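Printed here is data-v2.csv (CSV, C-alpha atoms):
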```
chain,number,residue,atom,x,y,z
A,1,THR,CA,23.9,20.7,2.6
A,2,ASP,CA,26.0,23.6,1.3
A,3,ALA,CA,24.4,27.0,1.8
A,4,SER,CA,24.5,27.7,-2.0
A,5,VAL,CA,22.4,24.7,-2.6
A,6,VAL,CA,19.6,25.6,-0.2
A,7,THR,CA,19.7,29.4,-0.6
A,8,GLY,CA,17.1,30.9,-2.9
A,9,ARG,CA,16.6,34.4,-4.1
A,10,GLY,CA,13.3,35.1,-2.3
A,11,GLY,CA,10.0,36.4,-3.6
A,12,GLU,CA,11.5,39.6,-4.9
A,13,ALA,CA,14.5,38.3,-6.8
A,14,ILE,CA,17.7,39.6,-5.5
A,15,ASP,CA,20.9,40.3,-7.5
A,16,ASP,CA,24.0,38.1,-7.4
A,17,LEU,CA,25.8,40.2,-4.8
A,18,ALA,CA,22.9,40.1,-2.4
A,19,TRP,CA,22.5,36.3,-3.0
A,20,MET,CA,26.2,35.8,-2.2
A,21,ARG,CA,25.8,37.8,1.1
A,22,LYS,CA,22.8,35.7,2.0
A,23,CYS,CA,24.8,32.5,1.3
A,24,ALA,CA,27.6,33.8,3.5
A,25,ALA,CA,25.2,34.5,6.3
A,26,ILE,CA,23.7,31.0,6.1
A,27,ARG,CA,27.2,29.4,5.9
A,28,ASP,CA,28.1,31.3,9.0
A,29,ALA,CA,25.0,30.1,10.8
A,30,LEU,CA,25.6,26.5,9.7
A,31,ARG,CA,29.2,26.8,11.1
A,32,ARG,CA,27.9,28.1,14.4
A,33,ALA,CA,25.2,25.4,14.6
A,34,ARG,CA,27.5,22.5,14.0
A,35,PRO,CA,28.5,22.0,17.7
A,36,VAL,CA,24.9,22.1,18.9
A,37,LEU,CA,23.1,20.0,16.3
A,38,GLY,CA,22.1,17.4,18.9
A,39,ASP,CA,20.3,19.9,21.2
A,40,GLN,CA,17.4,21.5,19.4
A,41,LEU,CA,16.7,24.2,22.0
A,42,GLN,CA,20.4,25.2,21.9
A,43,LEU,CA,20.3,25.1,18.1
A,44,LEU,CA,17.4,27.6,18.1
A,45,ALA,CA,19.2,29.8,20.6
A,46,THR,CA,22.4,29.7,18.5
A,47,VAL,CA,21.0,30.4,15.0
A,48,GLY,CA,17.4,31.2,15.5
A,49,GLY,CA,15.6,33.8,17.5
A,50,ALA,CA,12.6,34.1,19.8
A,51,ASP,CA,10.2,34.1,16.7
A,52,LEU,CA,11.6,30.8,15.3
A,53,THR,CA,11.6,29.2,18.8
A,54,ALA,CA,8.0,30.2,19.4
A,55,MET,CA,6.9,28.9,16.0
A,56,THR,CA,8.7,25.6,16.6
A,57,GLY,CA,7.0,25.4,20.0
A,58,PHE,CA,3.6,26.2,18.4
A,59,LEU,CA,4.1,23.5,15.8
A,60,LEU,CA,5.0,20.9,18.4
A,61,GLN,CA,2.1,21.9,20.7
A,62,CYS,CA,-0.3,21.5,17.7
A,63,ALA,CA,1.0,18.0,17.1
A,64,VAL,CA,0.5,17.2,20.7
A,65,ARG,CA,-3.1,18.4,20.5
A,66,LYS,CA,-3.6,16.7,17.2
A,67,LEU,CA,-4.4,20.0,15.5
A,68,PRO,CA,-3.5,20.1,11.8
A,69,VAL,CA,-1.2,22.9,10.6
A,70,ILE,CA,-0.7,24.2,7.1
A,71,LEU,CA,3.0,25.1,6.7
A,72,ASP,CA,3.9,28.0,4.3
A,73,GLY,CA,7.3,28.9,3.2
A,74,VAL,CA,10.9,28.3,4.0
A,75,VAL,CA,10.7,29.7,7.6
A,76,SER,CA,7.9,27.5,8.7
A,77,ALA,CA,9.5,24.5,7.0
A,78,ALA,CA,12.8,25.1,8.9
A,79,CYS,CA,10.9,25.4,12.2
A,80,ALA,CA,9.0,22.2,11.4
A,81,LEU,CA,12.3,20.4,10.6
A,82,VAL,CA,13.6,21.3,14.0
A,83,GLY,CA,10.3,20.2,15.5
A,84,GLN,CA,10.6,16.9,13.8
A,85,ARG,CA,14.0,16.3,15.4
A,86,VAL,CA,12.2,16.8,18.8
A,87,ALA,CA,9.2,14.7,18.0
A,88,PHE,CA,9.6,12.4,15.1
A,89,ARG,CA,5.8,11.8,14.5
A,90,ALA,CA,4.9,15.5,14.7
A,91,PRO,CA,4.8,16.0,10.9
A,92,ASP,CA,1.8,13.6,10.8
A,93,TRP,CA,-0.2,16.7,11.8
A,94,TRP,CA,1.4,19.1,9.3
A,95,LEU,CA,0.6,19.8,5.7
A,96,ALA,CA,2.7,21.8,3.2
A,97,GLY,CA,0.4,24.4,1.7
A,98,ASN,CA,2.4,25.7,-1.2
A,99,SER,CA,5.7,25.3,-2.8
A,100,SER,CA,7.5,28.6,-2.4
A,101,GLY,CA,10.2,27.8,-5.0
A,102,GLU,CA,12.9,28.2,-2.3
A,103,PRO,CA,15.3,25.3,-2.4
A,104,GLY,CA,15.6,25.3,1.4
A,105,GLN,CA,11.9,24.7,1.7
A,106,ALA,CA,12.0,21.9,-0.8
A,107,LYS,CA,14.8,20.3,1.0
A,108,ALA,CA,13.1,20.5,4.4
A,109,LEU,CA,9.8,19.2,3.1
A,110,ASP,CA,11.6,16.4,1.4
A,111,ARG,CA,13.3,15.5,4.7
A,112,MET,CA,9.9,15.4,6.4
A,113,ALA,CA,8.3,13.5,3.5
A,114,LEU,CA,5.7,16.3,3.0
A,115,GLU,CA,4.5,17.2,-0.4
A,116,PRO,CA,3.1,20.7,-1.1
A,117,LEU,CA,-0.6,20.7,-1.8
A,118,LEU,CA,-0.2,23.5,-4.4
A,119,ASP,CA,2.5,24.7,-6.7
A,120,HIS,CA,1.3,27.8,-8.4
A,121,GLY,CA,4.5,29.8,-8.3
A,122,VAL,CA,3.2,32.1,-5.5
A,123,THR,CA,6.3,33.6,-3.9
A,124,VAL,CA,4.7,36.5,-2.1
A,125,GLY,CA,5.1,35.0,1.3
A,126,GLU,CA,3.1,36.2,4.3
A,127,GLY,CA,1.2,33.0,4.5
A,128,THR,CA,-0.5,33.3,1.2
A,129,GLY,CA,0.3,29.8,0.1
A,130,ALA,CA,-1.3,28.3,3.3
A,131,LEU,CA,-4.3,30.5,2.7
A,132,LEU,CA,-4.6,29.3,-0.9
A,133,ALA,CA,-4.4,25.7,0.3
A,134,LEU,CA,-6.9,26.1,3.1
A,135,PRO,CA,-10.1,25.8,1.0
A,136,LEU,CA,-8.6,22.6,-0.6
A,137,VAL,CA,-8.0,21.1,2.9
A,138,GLN,CA,-11.5,22.2,4.1
A,139,ALA,CA,-13.1,20.6,1.0
A,140,ALA,CA,-11.2,17.4,1.5
A,141,ALA,CA,-12.3,17.2,5.2
A,142,ALA,CA,-15.9,17.9,4.3
A,143,LEU,CA,-15.8,15.2,1.6
A,144,ALA,CA,-14.2,12.7,4.0
A,145,ALA,CA,-16.9,13.4,6.6
A,146,GLU,CA,-19.7,12.7,4.0
A,147,LEU,CA,-18.2,9.4,2.7
A,148,PRO,CA,-19.8,6.3,4.2
A,149,GLU,CA,-17.5,4.2,6.3
A,150,ALA,CA,-16.1,1.2,4.5
A,151,PRO,CA,-17.1,-2.1,6.2
A,152,GLU,CA,-14.2,-3.7,8.1
A,153,LYS,CA,-12.7,-6.7,6.3
A,154,PRO,CA,-11.6,-9.5,8.6
A,155,ASP,CA,-7.9,-10.3,8.5
A,156,GLU,CA,-8.6,-14.1,8.4
A,157,PRO,CA,-11.8,-16.0,7.6
A,158,GLU,CA,-13.5,-17.3,10.7
A,159,SER,CA,-13.3,-21.0,11.2
A,160,GLY,CA,-16.5,-22.9,11.3
A,161,SER,CA,-18.3,-20.4,9.1
A,162,GLU,CA,-20.4,-21.5,6.2
A,163,SER,CA,-18.6,-19.3,3.6
A,164,GLY,CA,-17.9,-22.2,1.2
A,165,SER,CA,-14.2,-21.5,1.4
A,166,GLY,CA,-13.2,-25.0,0.4
A,167,ASP,CA,-11.8,-25.9,3.8
A,168,HIS,CA,-14.5,-28.4,4.4
A,169,GLN,CA,-14.3,-31.9,3.0
A,170,SER,CA,-17.4,-33.4,1.3
A,171,ALA,CA,-19.2,-36.4,2.7
A,172,ASP,CA,-19.0,-38.4,-0.6
```
Whole structure given in structure tokens:
Amino acid sequence: TDASVVTGRGGEAIDDLAWMRKCAAIRDALRRARPVLGDQLQLLATVGGADLTAMTGFLLQCAVRKLPVILDGVVSAACALVGQRVAFRAPDWWLAGNSSGEPGQAKALDRMALEPLLDHGVTVGEGTGALLALPLVQAAAALAAELPEAPEKPDEPESGSESGSGDHQSAD
């Protein structure tokens, strides 16, 4: 995707000149990343930093441990996208807390088939979207724990049962 399509203006709206510089930096990173797209560790080393590498590792380890994570913002979505390329099923353990309004976050979440739980226009960052979504996730977990288990439905009726399924011939 072209940098201008995925580059937003951030929580504190930036002017056009700053946005163009931001697009240029992202375009440069995309150009440097192109040769290493198949190697996720090399990709992080080329265009990321220790912080993004650590976050990607934490996300992957949470998926291994089956520990749910609430993602918040474009940076965590980008790390999650790299994590998905390492372990395809890892996003099964991730939730998108809040829509940040950043086009890059929307594109990454769409690629992972994650839908933000909230969209209140909160663009402050600093994990506030995830914190706002946490009570919703906790309430859903508490509700799920209180619901009675549904009885299992058999895939096929058992043969020889007296269910009156019409499979038996009458003795007339």
Show me, as a PDB file with C-alpha atoms, in the frame of the given file, the residues that have an atom within 6 Å of segment 86-99 of chain A when counting only C-alpha atoms, minus same-chain residues fewer than 5 positions from it.
```pdb
ATOM      1  CA  ALA A  63       1.000  18.000  17.100  1.00  0.00           C
ATOM      2  CA  PRO A  68      -3.500  20.100  11.800  1.00  0.00           C
ATOM      3  CA  VAL A  69      -1.200  22.900  10.600  1.00  0.00           C
ATOM      4  CA  ILE A  70      -0.700  24.200   7.100  1.00  0.00           C
ATOM      5  CA  LEU A  71       3.000  25.100   6.700  1.00  0.00           C
ATOM      6  CA  ASP A  72       3.900  28.000   4.300  1.00  0.00           C
ATOM      7  CA  PRO A 116       3.100  20.700  -1.100  1.00  0.00           C
ATOM      8  CA  LEU A 117      -0.600  20.700  -1.800  1.00  0.00           C
ATOM      9  CA  LEU A 118      -0.200  23.500  -4.400  1.00  0.00           C
ATOM     10  CA  ASP A 119       2.500  24.700  -6.700  1.00  0.00           C
ATOM     11  CA  GLY A 129       0.300  29.800   0.100  1.00  0.00           C
ATOM     12  CA  ALA A 130      -1.300  28.300   3.300  1.00  0.00           C
ATOM     13  CA  ALA A 133      -4.400  25.700   0.300  1.00  0.00           C
TER      14      ALA A 133
END
```
As a check of understanding: the span from atom CA of Met55 of chain A to atom CA of Leu43 of chain A is 14.1 Å
Atom pair atom CA of Arg9 of chain A + atom CA of Pro35 of chain A, distance 27.8 Å
- Task: Tell me which protein, DNA and RNA residues are within 9 Å of Val6 of chain A, counting only C-alpha atoms, leaving out same-chain ones fewer than 2 positions away, and put them as a ChimeraX atom specification.
- Result: /A:1-4,8,23,102-107
Would you output that residue set with C-alpha atoms, as a CSV table (one decimal), in the frame of the given file?
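part_31.csv, freshly written:
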```
chain,number,residue,atom,x,y,z
A,1,THR,CA,23.9,20.7,2.6
A,2,ASP,CA,26.0,23.6,1.3
A,3,ALA,CA,24.4,27.0,1.8
A,4,SER,CA,24.5,27.7,-2.0
A,8,GLY,CA,17.1,30.9,-2.9
A,23,CYS,CA,24.8,32.5,1.3
A,102,GLU,CA,12.9,28.2,-2.3
A,103,PRO,CA,15.3,25.3,-2.4
A,104,GLY,CA,15.6,25.3,1.4
A,105,GLN,CA,11.9,24.7,1.7
A,106,ALA,CA,12.0,21.9,-0.8
A,107,LYS,CA,14.8,20.3,1.0
```
Please rebuild segment 133-156 of chain A with N, CA and C atoms and return the result as a JSON list (two decimals), in the frame of the given file.
```
[["chain", "number", "residue", "atom", "x", "y", "z"],
["A", 133, "ALA", "N", -4.18, 27.11, 0.12],
["A", 133, "ALA", "CA", -4.40, 25.70, 0.30],
["A", 133, "ALA", "C", -5.55, 25.38, 1.28],
["A", 134, "LEU", "N", -5.91, 26.34, 2.14],
["A", 134, "LEU", "CA", -6.90, 26.10, 3.10],
["A", 134, "LEU", "C", -8.27, 25.63, 2.56],
["A", 135, "PRO", "N", -8.82, 26.27, 1.52],
["A", 135, "PRO", "CA", -10.10, 25.80, 1.00],
["A", 135, "PRO", "C", -9.99, 24.33, 0.45],
["A", 136, "LEU", "N", -8.85, 23.96, -0.09],
["A", 136, "LEU", "CA", -8.60, 22.60, -0.60],
["A", 136, "LEU", "C", -8.69, 21.62, 0.61],
["A", 137, "VAL", "N", -8.03, 21.97, 1.71],
["A", 137, "VAL", "CA", -8.00, 21.10, 2.90],
["A", 137, "VAL", "C", -9.43, 21.03, 3.49],
["A", 138, "GLN", "N", -10.14, 22.16, 3.54],
["A", 138, "GLN", "CA", -11.50, 22.20, 4.10],
["A", 138, "GLN", "C", -12.44, 21.31, 3.22],
["A", 139, "ALA", "N", -12.30, 21.40, 1.90],
["A", 139, "ALA", "CA", -13.10, 20.60, 1.00],
["A", 139, "ALA", "C", -12.83, 19.11, 1.18],
["A", 140, "ALA", "N", -11.55, 18.76, 1.33],
["A", 140, "ALA", "CA", -11.20, 17.40, 1.50],
["A", 140, "ALA", "C", -11.76, 16.84, 2.85],
["A", 141, "ALA", "N", -11.72, 17.65, 3.90],
["A", 141, "ALA", "CA", -12.30, 17.20, 5.20],
["A", 141, "ALA", "C", -13.78, 17.07, 5.11],
["A", 142, "ALA", "N", -14.45, 17.98, 4.42],
["A", 142, "ALA", "CA", -15.90, 17.90, 4.30],
["A", 142, "ALA", "C", -16.28, 16.63, 3.46],
["A", 143, "LEU", "N", -15.53, 16.36, 2.42],
["A", 143, "LEU", "CA", -15.80, 15.20, 1.60],
["A", 143, "LEU", "C", -15.56, 13.90, 2.44],
["A", 144, "ALA", "N", -14.48, 13.86, 3.19],
["A", 144, "ALA", "CA", -14.20, 12.70, 4.00],
["A", 144, "ALA", "C", -15.29, 12.47, 5.07],
["A", 145, "ALA", "N", -15.86, 13.55, 5.58],
["A", 145, "ALA", "CA", -16.90, 13.40, 6.60],
["A", 145, "ALA", "C", -18.21, 12.91, 5.96],
["A", 146, "GLU", "N", -18.43, 13.15, 4.68],
["A", 146, "GLU", "CA", -19.70, 12.70, 4.00],
["A", 146, "GLU", "C", -19.58, 11.29, 3.47],
["A", 147, "LEU", "N", -18.37, 10.77, 3.29],
["A", 147, "LEU", "CA", -18.20, 9.40, 2.70],
["A", 147, "LEU", "C", -18.69, 8.39, 3.73],
["A", 148, "PRO", "N", -19.39, 7.36, 3.24],
["A", 148, "PRO", "CA", -19.80, 6.30, 4.20],
["A", 148, "PRO", "C", -18.56, 5.52, 4.62],
["A", 149, "GLU", "N", -18.64, 4.99, 5.81],
["A", 149, "GLU", "CA", -17.50, 4.20, 6.30],
["A", 149, "GLU", "C", -17.49, 2.87, 5.58],
["A", 150, "ALA", "N", -16.31, 2.46, 5.20],
["A", 150, "ALA", "CA", -16.10, 1.20, 4.50],
["A", 150, "ALA", "C", -16.27, 0.07, 5.60],
["A", 151, "PRO", "N", -16.97, -1.01, 5.25],
["A", 151, "PRO", "CA", -17.10, -2.10, 6.20],
["A", 151, "PRO", "C", -15.69, -2.70, 6.48],
["A", 152, "GLU", "N", -15.47, -3.09, 7.72],
["A", 152, "GLU", "CA", -14.20, -3.70, 8.10],
["A", 152, "GLU", "C", -14.08, -5.07, 7.45],
["A", 153, "LYS", "N", -12.94, -5.36, 6.89],
["A", 153, "LYS", "CA", -12.70, -6.70, 6.30],
["A", 153, "LYS", "C", -11.92, -7.48, 7.36],
["A", 154, "PRO", "N", -12.38, -8.68, 7.64],
["A", 154, "PRO", "CA", -11.60, -9.50, 8.60],
["A", 154, "PRO", "C", -10.27, -9.88, 8.04],
["A", 155, "ASP", "N", -9.29, -9.96, 8.93],
["A", 155, "ASP", "CA", -7.90, -10.30, 8.50],
["A", 155, "ASP", "C", -7.90, -11.79, 8.03],
["A", 156, "GLU", "N", -8.60, -12.66, 8.74],
["A", 156, "GLU", "CA", -8.60, -14.10, 8.40],
["A", 156, "GLU", "C", -10.08, -14.55, 8.42]]
```
